[in-house]
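Student: Below: one structure in structure tokens.
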Amino acid sequence: MTEQYRSRFRTLTDGSDAPPGADHHIFIGPQHPWAEEPAHFIIHLKGERVVEADIRIGFNLRGMEKAMENKTWRQNTMLIPRACGICSAVHQNVYVRVVDKLAGVEDQISERARLIRMFSLEAERIHSHILWYGILAHDAGFDTMLHVTWRDREIIMDIVEDISGNRVNPALMLPGGVKRDIPKEKADRAQPMLDKLIKQVKYHRKVFTEEASIRNRLENVGILTKEEAKKVTPNGPTGRGSGLPFDVRKATPYELYDKIDWNMVYYNEGDILATTLVRLDETLESLQICKQVLDQLESTQGELLARVKQRIPEGSYFARAEAPRGEDVHYAIADGTDKPDRYKIRAPSLGNIDATLRRMDGEYVADMPVILRSYDPCFSCTNRVMIINEVTGEKMILNQDEFARKAIKAKKYNRPFF
Amino acid sequence: MSDVLKELEGILNVTLPGNLVEEVIKVEEGHFDVMCNVTNAFELMKVLREDAGIYHLSTISGVEKDDEFNVCYHIQHRIEDEFKEVSINLIITKIDKNKPKTPSMLEFFVASDYYEREIYDFYGIYFENHPFLQRLILPERWPDDVKPMRKEYGWEQIKEITMKITKEGLEEAK
């Protein structure tokens with residue numbers, strides 16, 4: 001096992017311990033126009049091919065786990081969705097399930113409250129997936145698709161806003177149930193909008209599978225086989241694109257996922273197209289789950305909120321949920337007071353970095369944006385690229401405009417970029 | 001305990017040597033807590049990884065108790081035909097607080113690299129045989145002896161250190 005292991009997270013910032021054979025090193029980030037959040041990628045190239053890629057993380061440590069130990073369980077309910085900008089509902093869902101279990105109220109939560117929680121989770125998955133494949137199309141140079149998908153994403157954003165009052169952080173859940181109801185008139189308003197979105201997502205799927213210009217950028221690029229995937233343990237859609245058929249909603253069902261009719265999507269090809277198709281098909285599945293939930297809400301009644309005491313009895317609990325990006329893992333230890341003794345959060349992107357770096361080996365540098373995007377990274381904005389020529393030792397630090405100008409010139413006069 | 005251990009052995013289809021396991025608790029259906037002493041941890045993980053074929057590591061969490069450290073490996077036993085997963089929390093107990101060290105599981109799980117380094121950063125627990133145990137998440141200027149997740153460092157203290165290193169950084173940039 002150890003000899004197959006290749007060191008990652010290990011290259012020094014100046015690239016001085018680069019792998020043998022690499023002649024150029026591309027440093028991306030921590031601030032870069034490609035990504036929205038900070039991470040430092042180091043890509044070692046031989047000609048046009050990637051020899052090895054590495055990453056440095058830790059530019060955005062917010063100390064959330066420490067902060068949670070200093071706040072009460074009640075206050076943490078509103079801190080925890082801030083763990084992620086896009087998948088806020090899923091973090092809150094795992095948290096409230098942990099508290100429900102530790103406080104011993106999980107049997108008292110009504111079916112209606114659980115259905116509303118599920119609606120929030122699935123709506124989040126839909127808007128996150130649509131956002132992701134829109135940006136993927138943008139990275140592949142197909143900007144028309146970016147605008148089409150983001151136009152259609154507004155439909156689900158409007159539904160979420162109508163139901164919760166917020167566009168991206170619905171914050172509907174509380175330990176013991178949910179904060180708000182979904183009344184019948186809002187459900188009736190949402191149903192035709194969901195129908196329209198299903199039609200649109202089917203059209204998106206058609207574009208991604210039939211339009212040659214985008215399909216060629218994704219097919220047979222960055223292949224991660226099942227055997228490799230078992231070693232680097234990706235989770236969520238990245239794993240399901242490589243033939244690991246595991247979805248936390250099926251594997252250890254929570255809320256009412258075992259009582260709803262839905263199919264898990266997985267592909268065996270392992271390329272970027274497979275992960276894209278997983279997400280496209282999942283969006284359609286989530287849309288039909290949303291419709292089922294709204295149908296069931298009509299006939300299900302019950303208390304929205306069960307009473308949870310401030311002090312949580314001693315104990316520990318580990319819970320997971322399927323976030324749009326993969327498995328979201330929380331582990332809590334309570335000591336009988338109103339504050340947690342220890343709270344551990346593992347967001348899905350960290351588990352997928354290894355798999356993504358492995359995908360890059362031997363690929364063209366032109367495919368890097370698509371591969372880096374494939375696991376739906378959560379990183380931030382920047383405008384600087386540093387290029388070092390190893391032979392002459394010459395360093396160039398370029399901002400976004402200069403980089404673009406250089407790239408256009410190189411293309412126009414057909415001369416090398418470096 | 002023995003009933004629960006038998007049930008877990010039935011699911012994993014291996015025998016877990018009795019002297020390695022301290023205690024097994026069934027939290028709920030398909031969810032077990034396995035306690036194990038730090039000296040036996042490597043042997044037990046070897047059985048779980050090589051005989052039972054567990055390959056998925058969700059995460060590792062460090063825990064500070066009153067008189068010891070615990071390290072908890074959250075692993076998933078995957079049953080591919082049924083699309084099911086059985087969660088096992090392997091809790092390594094009795095890690096000495098004065099000289100905290102525990103075996104690294106990098107030989108079994110590639111993913112344990114960065115989770116172990118994260119715990120090394122936050123708690124100062126030393127992972128034996130880890131080839132590259134270096135800072136992963138904390139800022140470069142962070143003082144080496146401050147392990148921020150330990151209970152001895154309060155919220156205010158951490159804030160002070162953060163402000164101090166930020167000021168230093170800004171001054172250096174001038």
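In the structure tokens, chains take the letters A, B, ... in the order shown, each chain's residues start at 1, and ligands count up from 1 in the order shown.
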Only residues of chain A matter here; which ones have an atom within 8 Å of chain B, counting only C-alpha atoms? Give them as number ranges by chain.

Tutor: A: 1-2, 5, 9-10, 56-59, 61, 66-67, 70, 230-233, 245-247, 250-252, 329, 331, 342, 344, 346, 351, 354

Student: Would you write out those residues with N, CA and C atoms, as a PDB file, in the first residue's frame?

Tutor:
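Resulting contents of part08.pdb:
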```
ATOM      1  N   MET A   1       0.833  -1.210   0.000  1.00  0.00           N
ATOM      2  CA  MET A   1       0.000   0.000   0.000  1.00  0.00           C
ATOM      3  C   MET A   1       0.867   1.259   0.000  1.00  0.00           C
ATOM      4  N   THR A   2       1.923   1.237   0.824  1.00  0.00           N
ATOM      5  CA  THR A   2       2.707   2.467   0.968  1.00  0.00           C
ATOM      6  C   THR A   2       3.448   2.802  -0.324  1.00  0.00           C
ATOM      7  N   TYR A   5       1.415   4.571  -2.671  1.00  0.00           N
ATOM      8  CA  TYR A   5       1.018   5.875  -2.187  1.00  0.00           C
ATOM      9  C   TYR A   5       1.923   6.954  -2.732  1.00  0.00           C
ATOM     10  N   PHE A   9      -0.214  16.989  -0.921  1.00  0.00           N
ATOM     11  CA  PHE A   9      -0.221  18.022   0.116  1.00  0.00           C
ATOM     12  C   PHE A   9       1.206  18.303   0.585  1.00  0.00           C
ATOM     13  N   ARG A  10       2.205  18.062  -0.235  1.00  0.00           N
ATOM     14  CA  ARG A  10       3.561  18.069   0.264  1.00  0.00           C
ATOM     15  C   ARG A  10       4.515  18.979  -0.455  1.00  0.00           C
ATOM     16  N   ARG A  56      -2.151  22.862  -1.522  1.00  0.00           N
ATOM     17  CA  ARG A  56      -1.989  23.308  -0.137  1.00  0.00           C
ATOM     18  C   ARG A  56      -3.293  23.949   0.290  1.00  0.00           C
ATOM     19  N   ILE A  57      -3.754  23.553   1.457  1.00  0.00           N
ATOM     20  CA  ILE A  57      -5.012  24.120   1.937  1.00  0.00           C
ATOM     21  C   ILE A  57      -4.752  24.842   3.250  1.00  0.00           C
ATOM     22  N   GLY A  58      -5.784  25.394   3.845  1.00  0.00           N
ATOM     23  CA  GLY A  58      -5.638  26.033   5.142  1.00  0.00           C
ATOM     24  C   GLY A  58      -5.602  27.540   5.064  1.00  0.00           C
ATOM     25  N   PHE A  59      -6.069  28.129   3.953  1.00  0.00           N
ATOM     26  CA  PHE A  59      -6.060  29.583   3.856  1.00  0.00           C
ATOM     27  C   PHE A  59      -7.324  30.199   4.442  1.00  0.00           C
ATOM     28  N   LEU A  61      -9.090  29.079   7.476  1.00  0.00           N
ATOM     29  CA  LEU A  61      -9.472  28.448   8.735  1.00  0.00           C
ATOM     30  C   LEU A  61     -10.256  29.451   9.576  1.00  0.00           C
ATOM     31  N   LYS A  66     -13.792  25.212  17.315  1.00  0.00           N
ATOM     32  CA  LYS A  66     -13.474  25.831  18.598  1.00  0.00           C
ATOM     33  C   LYS A  66     -14.605  26.780  19.009  1.00  0.00           C
ATOM     34  N   ALA A  67     -15.127  27.515  18.025  1.00  0.00           N
ATOM     35  CA  ALA A  67     -16.206  28.457  18.331  1.00  0.00           C
ATOM     36  C   ALA A  67     -17.437  27.722  18.861  1.00  0.00           C
ATOM     37  N   ASN A  70     -17.663  27.004  22.461  1.00  0.00           N
ATOM     38  CA  ASN A  70     -17.882  28.163  23.317  1.00  0.00           C
ATOM     39  C   ASN A  70     -19.276  28.762  23.175  1.00  0.00           C
ATOM     40  N   LYS A 230     -11.185   3.143  -5.002  1.00  0.00           N
ATOM     41  CA  LYS A 230     -11.209   2.469  -3.706  1.00  0.00           C
ATOM     42  C   LYS A 230     -10.022   2.872  -2.846  1.00  0.00           C
ATOM     43  N   LYS A 231      -8.903   3.221  -3.495  1.00  0.00           N
ATOM     44  CA  LYS A 231      -7.728   3.617  -2.726  1.00  0.00           C
ATOM     45  C   LYS A 231      -7.831   5.045  -2.214  1.00  0.00           C
ATOM     46  N   VAL A 232      -8.302   5.955  -3.075  1.00  0.00           N
ATOM     47  CA  VAL A 232      -8.294   7.359  -2.664  1.00  0.00           C
ATOM     48  C   VAL A 232      -9.629   7.788  -2.047  1.00  0.00           C
ATOM     49  N   THR A 233     -10.567   6.866  -1.952  1.00  0.00           N
ATOM     50  CA  THR A 233     -11.855   7.050  -1.280  1.00  0.00           C
ATOM     51  C   THR A 233     -12.555   8.390  -1.540  1.00  0.00           C
ATOM     52  N   PRO A 245     -21.186   2.564  -5.814  1.00  0.00           N
ATOM     53  CA  PRO A 245     -22.608   2.927  -5.696  1.00  0.00           C
ATOM     54  C   PRO A 245     -23.025   3.214  -4.261  1.00  0.00           C
ATOM     55  N   PHE A 246     -22.498   4.253  -3.666  1.00  0.00           N
ATOM     56  CA  PHE A 246     -22.850   4.551  -2.275  1.00  0.00           C
ATOM     57  C   PHE A 246     -23.338   5.981  -2.127  1.00  0.00           C
ATOM     58  N   ASP A 247     -24.525   6.066  -1.591  1.00  0.00           N
ATOM     59  CA  ASP A 247     -25.166   7.348  -1.335  1.00  0.00           C
ATOM     60  C   ASP A 247     -25.683   7.234   0.088  1.00  0.00           C
ATOM     61  N   LYS A 250     -29.176   6.208   0.690  1.00  0.00           N
ATOM     62  CA  LYS A 250     -29.529   4.793   0.543  1.00  0.00           C
ATOM     63  C   LYS A 250     -28.793   3.938   1.571  1.00  0.00           C
ATOM     64  N   ALA A 251     -27.518   4.293   1.831  1.00  0.00           N
ATOM     65  CA  ALA A 251     -26.654   3.428   2.642  1.00  0.00           C
ATOM     66  C   ALA A 251     -27.103   3.379   4.096  1.00  0.00           C
ATOM     67  N   THR A 252     -27.341   4.535   4.686  1.00  0.00           N
ATOM     68  CA  THR A 252     -27.890   4.572   6.044  1.00  0.00           C
ATOM     69  C   THR A 252     -29.002   5.614   6.033  1.00  0.00           C
ATOM     70  N   VAL A 329     -19.939  14.781   7.354  1.00  0.00           N
ATOM     71  CA  VAL A 329     -19.760  13.970   8.551  1.00  0.00           C
ATOM     72  C   VAL A 329     -19.685  14.866   9.785  1.00  0.00           C
ATOM     73  N   TYR A 331     -19.513  14.698  14.191  1.00  0.00           N
ATOM     74  CA  TYR A 331     -19.344  13.846  15.364  1.00  0.00           C
ATOM     75  C   TYR A 331     -19.396  14.741  16.584  1.00  0.00           C
ATOM     76  N   ARG A 342     -17.247  18.576  22.432  1.00  0.00           N
ATOM     77  CA  ARG A 342     -16.443  18.484  21.210  1.00  0.00           C
ATOM     78  C   ARG A 342     -17.406  18.372  20.055  1.00  0.00           C
ATOM     79  N   LYS A 344     -17.102  17.861  15.835  1.00  0.00           N
ATOM     80  CA  LYS A 344     -16.212  17.685  14.676  1.00  0.00           C
ATOM     81  C   LYS A 344     -17.045  17.759  13.394  1.00  0.00           C
ATOM     82  N   ARG A 346     -16.666  17.390   9.157  1.00  0.00           N
ATOM     83  CA  ARG A 346     -15.838  17.122   7.972  1.00  0.00           C
ATOM     84  C   ARG A 346     -16.715  17.385   6.758  1.00  0.00           C
ATOM     85  N   GLY A 351     -12.555  15.297   1.416  1.00  0.00           N
ATOM     86  CA  GLY A 351     -12.406  13.885   1.082  1.00  0.00           C
ATOM     87  C   GLY A 351     -12.231  13.634  -0.398  1.00  0.00           C
ATOM     88  N   ASP A 354      -8.021  14.273  -2.918  1.00  0.00           N
ATOM     89  CA  ASP A 354      -7.072  13.242  -3.322  1.00  0.00           C
ATOM     90  C   ASP A 354      -7.453  12.607  -4.652  1.00  0.00           C
TER      91      ASP A 354
END
```

Student: List every residue of stretch 55-120 of chain B that DSSP, applied to the backbone, labels as strand (DSSP E or B), and write the result as a PyMOL selection string.

Tutor: chain B and resi 56-64+69-79+84-95+101-103

Student: Can you pull out every residue within 6 Å of A:His25, counting only C-alpha atoms, but drop anything in the same chain fewer than 3 positions away, and send it as a list in words?

Tutor: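 With the cut-off at 6 Å, the set is Ile43, His44 and Leu45 of chain A.
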
Student: Could you list, as a list of chain:residue names, every residue within 10 Å of B:Asp51, counting only C-alpha atoms and ignoring same-chain residues fewer than 6 positions away?

Tutor: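 Answer for this query is B:Leu12, B:Asn13, B:Val14, B:Thr15, B:Leu16, B:Met45.
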
Student: Can you tell me, as a PyMOL selection string, what residues are no more than 9 Å from A:Ala171 when counting only C-alpha atoms, ignoring any on the same chain fewer than 4 positions away?

Tutor: chain A and resi 77-78+81+88-89+92+120+164+166+178-179

Student: Output C-alpha atoms of each residue in that selection to a file, as a short mmCIF file (atom, residue, chain, number, x, y, z; two decimals), in the first residue's frame.

Tutor:
```cif
data_model
loop_
_atom_site.label_atom_id
_atom_site.label_comp_id
_atom_site.auth_asym_id
_atom_site.auth_seq_id
_atom_site.Cartn_x
_atom_site.Cartn_y
_atom_site.Cartn_z
CA THR A 77 -28.01 25.81 15.30
CA MET A 78 -27.56 29.14 13.53
CA PRO A 81 -25.20 26.48 8.32
CA SER A 88 -25.99 25.23 4.37
CA ALA A 89 -29.17 23.20 4.85
CA GLN A 92 -27.89 22.15 9.66
CA SER A 120 -35.17 21.86 1.94
CA SER A 164 -37.89 30.11 3.66
CA ASN A 166 -33.78 33.34 1.98
CA VAL A 178 -38.63 22.81 11.73
CA LYS A 179 -39.18 26.54 12.10
#
```

Student: Pick out the closest residue to B:Glu28 from this set: A:His147, A:Arg62, A:Lys101, A:His24. Count only C-alpha atoms.

Tutor: A:Lys101

Student: From the options B:Met105, B:Asp66, B:Asp145, B:Asn40, which residue's atoms come nearest to B:Phe122, counting only C-alpha atoms?

Tutor: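 Of B:Met105, B:Asp66, B:Asp145, B:Asn40, the one nearest B:Phe122, counting only C-alpha atoms, is B:Asp145.
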
Student: When DSSP works through the backbone of this structure, what residues of stretch 35-164 of chain B end up as alpha helix (DSSP H), shown as an NGL selection string?

Tutor: :B and (41-46 or 112-123 or 155-164)

Student: Take the residues from that selection and write them out as a compact mmCIF listing (two decimals), in the first residue's frame, keeping C-alpha atoms.

Tutor:
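The result, written out as selection36.txt:
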```txt
# COMPACT_ATOMS: atom_id res chain seq x y z
CA ALA B 41 -4.92 -0.12 17.69
CA PHE B 42 -2.62 -0.95 14.79
CA GLU B 43 -3.28 -4.70 15.04
CA LEU B 44 -7.03 -4.19 15.18
CA MET B 45 -7.03 -1.83 12.21
CA LYS B 46 -5.01 -4.41 10.30
CA SER B 112 -5.73 9.32 6.67
CA ASP B 113 -2.74 11.49 5.66
CA TYR B 114 -4.42 14.85 5.92
CA TYR B 115 -6.82 13.95 8.70
CA GLU B 116 -3.89 12.84 10.87
CA ARG B 117 -1.95 15.98 10.08
CA GLU B 118 -5.01 18.03 10.98
CA ILE B 119 -5.11 16.38 14.43
CA TYR B 120 -1.35 16.87 14.79
CA ASP B 121 -1.96 20.57 14.11
CA PHE B 122 -4.88 20.98 16.46
CA TYR B 123 -4.00 18.65 19.36
CA TRP B 155 -11.51 31.35 23.05
CA GLU B 156 -10.03 34.71 24.12
CA GLN B 157 -6.49 33.38 24.11
CA ILE B 158 -6.88 32.03 20.57
CA LYS B 159 -8.26 35.39 19.46
CA GLU B 160 -5.26 37.19 20.95
CA ILE B 161 -2.78 34.94 19.16
CA THR B 162 -4.67 35.36 15.88
CA MET B 163 -4.59 39.15 16.19
CA LYS B 164 -0.89 39.05 17.07
```

Student: Can you list, as a PyMOL selection string, every protein, DNA or RNA residue that comes within 10 Å of A:Asn263 when you count only C-alpha atoms, leaving out same-chain residues fewer than 3 positions away?

Tutor: chain A and resi 250+260+266+281-282+285-286+289

Student: Store the residues picked out above, limited to C-alpha atoms, as a CSV table (one decimal), in the first residue's frame.

Tutor:
```csv
chain,number,residue,atom,x,y,z
A,250,LYS,CA,-29.5,4.8,0.5
A,260,ILE,CA,-39.8,7.8,-0.7
A,266,TYR,CA,-24.2,5.8,-10.6
A,281,ASP,CA,-29.6,12.6,-13.3
A,282,GLU,CA,-29.6,13.3,-9.6
A,285,GLU,CA,-34.3,12.5,-9.2
A,286,SER,CA,-34.3,15.3,-6.6
A,289,ILE,CA,-38.5,13.7,-4.8
```

Student: Applying 8 Å and only C-alpha atoms, which residues near A:Cys87 remain after dropping the ones on its own chain fewer than 2 positions away? List them as an mmCIF file with C-alpha atoms, in the first residue's frame.

Tutor:
```
data_model
loop_
_atom_site.group_PDB
_atom_site.id
_atom_site.type_symbol
_atom_site.label_atom_id
_atom_site.label_comp_id
_atom_site.auth_asym_id
_atom_site.auth_seq_id
_atom_site.Cartn_x
_atom_site.Cartn_y
_atom_site.Cartn_z
ATOM 1 C CA PRO A 81 -25.200 26.480 8.320
ATOM 2 C CA CYS A 84 -20.656 26.171 3.741
ATOM 3 C CA GLY A 85 -22.114 28.858 1.524
ATOM 4 C CA ALA A 89 -29.171 23.196 4.846
ATOM 5 C CA VAL A 90 -27.374 19.858 4.872
ATOM 6 C CA HIS A 91 -24.957 20.955 7.602
ATOM 7 C CA GLU A 124 -30.529 22.662 -2.090
ATOM 8 C CA ARG A 125 -29.178 19.700 -4.039
ATOM 9 C CA SER A 128 -26.143 23.290 -6.144
ATOM 10 C CA ALA A 323 -24.570 16.781 0.745
ATOM 11 C CA PRO A 324 -24.616 17.847 -2.928
#
```
